[in-house]
Amino acid sequence: MAVPKSTPPASHGSGNLPGKDGGQDAIQLLEMARNDIDAVLKELGSQPDGLSEAEVDSRRKQAGTNEVAREKPQSALMRLLSNIKNPLVLLLMALGVLSFLTGDQRATVVIFVMVVLGVVLRFFQESRADNAARKLQAMVSNTATVVRGGKDAEVSLKLLVPGDIIRLAAGDMVPADVRVLSAKDLFLNQSALTGEALPVEKKAAPAGADIQNPLELPNICFLGSNVESGSATAVVVRTGDRTYFGSLAASIAGQRQPTSFDKGVNKFTWLMIRFIAVMVPAVFLINGLSKHDWLEAFLFAMAVAVGLTPEMLPMIVTVNLSKGALAMARKKVIVKRLNAIQNFGAMDVLCTDKTGTLTQGKIVLEKHLDAHGDPSEKVLHFGYLNSYHHTGLKNLLDEAILDHEELEERLKAKEKYRKIDEIPFDFVRRRMSVVVEDETGLNTLICKGAVDEVMSKCTRVELPGGEVVPVQPEHDTARQKIAGGLNGQGFRVIALAYKQMPGSSDEPVYSVKDESDLILLGFLAFLDPPKDTATEALKRLKSLHVDVKVLTGDNEIITAYICKEVGMPVEHLLLGSQIESMSETDLAAAAGATSVFARLAPAHKERIIRALQSQGHVLGFLGDGINDAPALKAADVGISVDSAVDIAKESSDIILLENNLLVLEQGVMEGRRVFGNIVKYIKMAASSNFGNMFSVVGASAFLPFLPMLPIQVLTNNLLYDFSQTTIPTDEVDEEWLVKPRQWTINQILRFILFIGPISSIFDYATFFLMLYVFDCWQNPALFHTGWFMESIFTQTLIIHVIRTNKIPFFESRASWPLIITSVIIVAAGAWLTVSPLADTLGFVPLPPMYWLYLAIMMLGYAVLTQLVKTWFIRRYGE
């Protein structure tokens, strides 16, 4: 039978597989799960003794190899191009080319040095991070046991085709999506797919019509899960990209969507482009019409364009992000994508998976209780003896019991107790027993298993004092309630019973009939417990105004219990089945009010992320399973752990090398520090440049000469830019760190319009001073020099006013590198006016009285800017 051909993608939902062909594949998968075995084999064109080699070859040509899509590593050239493909970088390059074409070599060199520094720094930092992150690894073993022509054979995994009959045994990784044909005690661990830590049983019987989520189908095994115990024969239904896992891998391979940070930088860049588009033509026309030298007017307009452009922004951003990445690396955190650092700080909602993130990701024996529900060491001891001595495959519950290694010495398991026999587990009885002999020769049968099945064989019960009494129905009901209460809290509960048999055989002659007249000893309760750091981490994130939401594929009972354990109130809980019927608008409203989501498919997680983003939130997602991959990629910052499955790590922006949730708080703080310093530069550069160019436009209208020579504009801009190169070393006010920060372009525009013109007031005061006090109407060189110095001094001073919301120098002081740089730059500016370069730059010495006037203007500028800044913060916020 031909392999089904591709169909268009379907909408999101629990009944849909992710990626291409999702809806159609899900429908066919549900049909195969509900049909009987003969119908399934007929639909797949298969038979119990497998396919012939000719049929296998034919199908492989249609279906392709059984391999999943992977995100190709970005080549060095493509990485370089992606860093260049930035509106601001492209604008700077365009200005650089125009400067070169007009013969302005100095401007060309300055602009391209800034471009190269920004692009190269980002290129090397991201390359280093990608090399440190682990590559996507194969999720399955290399071979599978396949029935071909009636014979079992080991074939390469990639050679499987739909319709192949395969054998599964304990320890095997499921090599494709398969429908179970026959099974014996088959239990799978599919926590990487669903987030459910406990193994799930798979059977051959047709599924009920009420099951819509493929992951809940009891007879379908998925690629990426593994066999905990038992064995099975199954038929391959989906291979490669059409498997559940393959569809996830295909859906996340490719270009990532722009994040909050990317959008913010682009919006700011376009804001500056609009400023340039208005002011540069105005400067060109005013100077051309008033001075009639159109070439000079054009060169001056080009200098103004460069002066308006914050050309250091790419470098400042990259240096800040790189500094943050290095700080995180010292905390054993790999930052794969630099922008994720800022997104970390801007994050106001953290969505997290439960298993392996809030919880330890492993089953732990939490309680060992007697028949009254009180803690009992004897229950733990007998449970240990049972798990220690049975020879079957140790499941997760056995491993949890055996983790109590201190009991081995206390019980002297190898000496005091000798194993006589065991009665293996089966899924009819749902219990297993071992018989051990102690030093006196007494044989004891210890039985553990499902509560109902064990209790049905108990005629007596041991009370806390050791007294054994007959079972009373009313007391049995109370014990059932104890087990039911534990189940209701999310525990997996098994019962433990025993029987002593004096004078019994030392030979392995025991059988199921000996599991009778047992004494109920108590209960063992298991749970995937919360991490030690989870509660503290959630408290710290809350103090930073980061709202935490839990998104898990596990059931709502266990999820609610874990959330309460880590201090998360479960006021609203939403299930995947409820999300299925919601529109995007309804989901966005519900997601904002809901703190816990359970029984989710991967498509649900991604929908929730998108819904919250549509409400203006910056989303972080923390996950470590296959089912988390789409959400990790959709989030503004995807966070995973080193122990996560490879597809999760590949999809993430940040990887925690130590599975410590407290690092999240440090990451948020680091992100806010980085963004604070980036915003400082933008406010300083944009407002100062705008003020200067505003002054240029006005001066051009009434001066008989250019207000400043093009080379002087570029020198001024270069010195000012260098004065800000040490901003990444600066500290950020503690008040800035207490809440999430996002790009608010309207706020930045408002700041530019209010603060920028303040410099123009003092620029016009300088114009008046130079023209009417120092009589520069016929001395353009002195005018240029005077305005150049006032501009350099006031711009450099204003760095220290704008860098903090407090009173500069008194309540908040800049870092020493920033202070030293500021001093060096103003000294260099003053030196240029009397240096050997003065003639080349068009400078002349300034009168001594000028410096007194300059000091007065600097003081006035600082005071006025501080007053306006304080009013602005009170009126419009930070």
# chains A, B, ... in the order shown; residues from 1 in each chain; ligands from 1

call {"tool": "select_by_dssp", "arguments": {"residues": "segment 760-807 of chain A", "states": "alpha helix (DSSP H)", "output": "PyMOL selection string"}}
result
chain A and resi 760-768+780-802

call {"tool": "residues_around", "arguments": {"residues": "Phe275 of chain A", "least_positions_apart": "3", "cutoff": "12 Å", "atoms": "only C-alpha atoms", "output": "PyMOL selection string"}}
result
chain A and resi 268-272+278-282+304-310+686-687+689-691+693-694+749+752-753

call {"tool": "closest_residue", "arguments": {"among": "A:Ala483, A:Leu101, A:Leu769, A:Leu524", "to": "Asp398 of chain A", "atoms": "only C-alpha atoms"}}
result
A:Leu524

call {"tool": "residues_around", "arguments": {"residues": "Phe298 of chain A", "least_positions_apart": "6", "cutoff": "12 Å", "atoms": "only C-alpha atoms", "output": "number ranges by chain"}}
result
A: 98-99, 102-104, 280-289, 291-292, 304-305, 706, 709-710

call {"tool": "select_by_dssp", "arguments": {"residues": "segment 209-401 of chain A", "states": "strand (DSSP E or B)", "output": "PyMOL selection string"}}
result
chain A and resi 220-221+223+225-238+333-335+349-352+359+364-370+375

call {"tool": "closest_atom_pairs", "arguments": {"of": "segment 639-692 of chain A", "to": "segment 803-826 of chain A", "cutoff": "9 Å", "atoms": "only C-alpha atoms", "output": "CSV"}}
result
residue,atom,partner,partner_atom,distance
A:Gly676,CA,A:Arg803,CA,8.9
A:Asn677,CA,A:Arg803,CA,8.0
A:Val679,CA,A:Arg803,CA,8.9
A:Lys680,CA,A:Arg803,CA,5.5
A:Tyr681,CA,A:Arg803,CA,8.1
A:Lys683,CA,A:Arg803,CA,8.6
A:Met684,CA,A:Arg803,CA,7.8

call {"tool": "write_last_selection", "arguments": {"atoms": "N, CA and C atoms", "output": "PDB file, in the first residue's frame"}}
result
ATOM      1  N   GLY A 676      19.827  48.473  30.950  1.00  0.00           N
ATOM      2  CA  GLY A 676      19.962  49.798  31.537  1.00  0.00           C
ATOM      3  C   GLY A 676      21.092  50.577  30.905  1.00  0.00           C
ATOM      4  N   ASN A 677      22.218  49.927  30.679  1.00  0.00           N
ATOM      5  CA  ASN A 677      23.359  50.617  30.065  1.00  0.00           C
ATOM      6  C   ASN A 677      23.113  50.912  28.591  1.00  0.00           C
ATOM      7  N   VAL A 679      20.124  51.567  27.275  1.00  0.00           N
ATOM      8  CA  VAL A 679      19.189  52.697  27.265  1.00  0.00           C
ATOM      9  C   VAL A 679      19.917  53.993  27.619  1.00  0.00           C
ATOM     10  N   LYS A 680      20.890  53.913  28.558  1.00  0.00           N
ATOM     11  CA  LYS A 680      21.689  55.105  28.880  1.00  0.00           C
ATOM     12  C   LYS A 680      22.319  55.687  27.619  1.00  0.00           C
ATOM     13  N   TYR A 681      22.967  54.811  26.861  1.00  0.00           N
ATOM     14  CA  TYR A 681      23.640  55.298  25.658  1.00  0.00           C
ATOM     15  C   TYR A 681      22.647  55.917  24.688  1.00  0.00           C
ATOM     16  N   LYS A 683      19.691  57.254  25.241  1.00  0.00           N
ATOM     17  CA  LYS A 683      19.178  58.542  25.712  1.00  0.00           C
ATOM     18  C   LYS A 683      20.238  59.631  25.597  1.00  0.00           C
ATOM     19  N   MET A 684      21.475  59.288  25.977  1.00  0.00           N
ATOM     20  CA  MET A 684      22.556  60.271  25.897  1.00  0.00           C
ATOM     21  C   MET A 684      22.818  60.698  24.457  1.00  0.00           C
TER      22      MET A 684
END

call {"tool": "residues_around", "arguments": {"residues": "Asp476 of chain A", "least_positions_apart": "6", "cutoff": "10 Å", "atoms": "only C-alpha atoms", "output": "PyMOL selection string"}}
result
chain A and resi 371+455+461+482

call {"tool": "write_last_selection", "arguments": {"atoms": "all heavy atoms", "output": "PDB file, in the first residue's frame"}}
result
ATOM      1  N   ALA A 371      -0.288   0.732  58.202  1.00  0.00           N
ATOM      2  CA  ALA A 371      -1.691   0.617  57.802  1.00  0.00           C
ATOM      3  C   ALA A 371      -2.557   1.725  58.372  1.00  0.00           C
ATOM      4  O   ALA A 371      -3.684   1.942  57.901  1.00  0.00           O
ATOM      5  CB  ALA A 371      -2.239  -0.746  58.232  1.00  0.00           C
ATOM      6  N   MET A 455      -4.259  -5.782  48.686  1.00  0.00           N
ATOM      7  CA  MET A 455      -5.195  -5.828  49.814  1.00  0.00           C
ATOM      8  C   MET A 455      -6.209  -6.957  49.659  1.00  0.00           C
ATOM      9  O   MET A 455      -6.698  -7.502  50.665  1.00  0.00           O
ATOM     10  CB  MET A 455      -5.905  -4.484  49.970  1.00  0.00           C
ATOM     11  CG  MET A 455      -4.989  -3.377  50.496  1.00  0.00           C
ATOM     12  SD  MET A 455      -5.816  -1.790  50.764  1.00  0.00           S
ATOM     13  CE  MET A 455      -6.966  -2.211  52.067  1.00  0.00           C
ATOM     14  N   VAL A 461      -3.841  -7.739  59.274  1.00  0.00           N
ATOM     15  CA  VAL A 461      -3.150  -6.455  59.174  1.00  0.00           C
ATOM     16  C   VAL A 461      -2.280  -6.278  60.403  1.00  0.00           C
ATOM     17  O   VAL A 461      -2.657  -6.676  61.513  1.00  0.00           O
ATOM     18  CB  VAL A 461      -4.154  -5.289  59.028  1.00  0.00           C
ATOM     19  CG1 VAL A 461      -5.094  -5.211  60.233  1.00  0.00           C
ATOM     20  CG2 VAL A 461      -3.430  -3.959  58.848  1.00  0.00           C
ATOM     21  N   ILE A 482      -6.875   6.103  52.905  1.00  0.00           N
ATOM     22  CA  ILE A 482      -5.489   6.590  53.048  1.00  0.00           C
ATOM     23  C   ILE A 482      -4.787   6.561  51.690  1.00  0.00           C
ATOM     24  O   ILE A 482      -4.160   7.543  51.275  1.00  0.00           O
ATOM     25  CB  ILE A 482      -4.716   5.725  54.066  1.00  0.00           C
ATOM     26  CG1 ILE A 482      -5.263   5.947  55.476  1.00  0.00           C
ATOM     27  CG2 ILE A 482      -3.217   6.045  54.012  1.00  0.00           C
ATOM     28  CD1 ILE A 482      -4.669   5.010  56.516  1.00  0.00           C
TER      29      ILE A 482
END

call {"tool": "residues_around", "arguments": {"residues": "Ser387 of chain A", "least_positions_apart": "3", "cutoff": "9 Å", "atoms": "only C-alpha atoms", "output": "JSON, numbers by chain"}}
result
{"A": [382, 383, 384, 390, 391, 394, 397, 398, 399, 401, 402, 434]}

call {"tool": "residues_around", "arguments": {"residues": "Asn692 of chain A", "least_positions_apart": "3", "cutoff": "9 Å", "atoms": "only C-alpha atoms", "output": "PyMOL selection string"}}
result
chain A and resi 307-308+687-689+695-697+756-757+759-760+763+791

call {"tool": "closest_residue", "arguments": {"among": "A:Glu31, A:Glu571, A:Glu228, A:Asp177", "to": "Pro206 of chain A", "atoms": "only C-alpha atoms"}}
result
A:Glu31

call {"tool": "closest_residue", "arguments": {"among": "A:Pro175, A:Asp554, A:Gly246, A:Val120", "to": "Ala629 of chain A", "atoms": "only C-alpha atoms"}}
result
A:Gly246

call {"tool": "closest_residue", "arguments": {"among": "A:Gly877, A:Gly356, A:Gly163, A:Gly488", "to": "Trp736 of chain A", "atoms": "only C-alpha atoms"}}
result
A:Gly877

call {"tool": "residues_around", "arguments": {"residues": "segment 577-583 of chain A", "least_positions_apart": "5", "cutoff": "12 Å", "atoms": "only C-alpha atoms", "output": "MDAnalysis selection string"}}
result
chainID A and resid 11:16 210:213 216 553 555:556 588:591 594 597:601 603:608 611
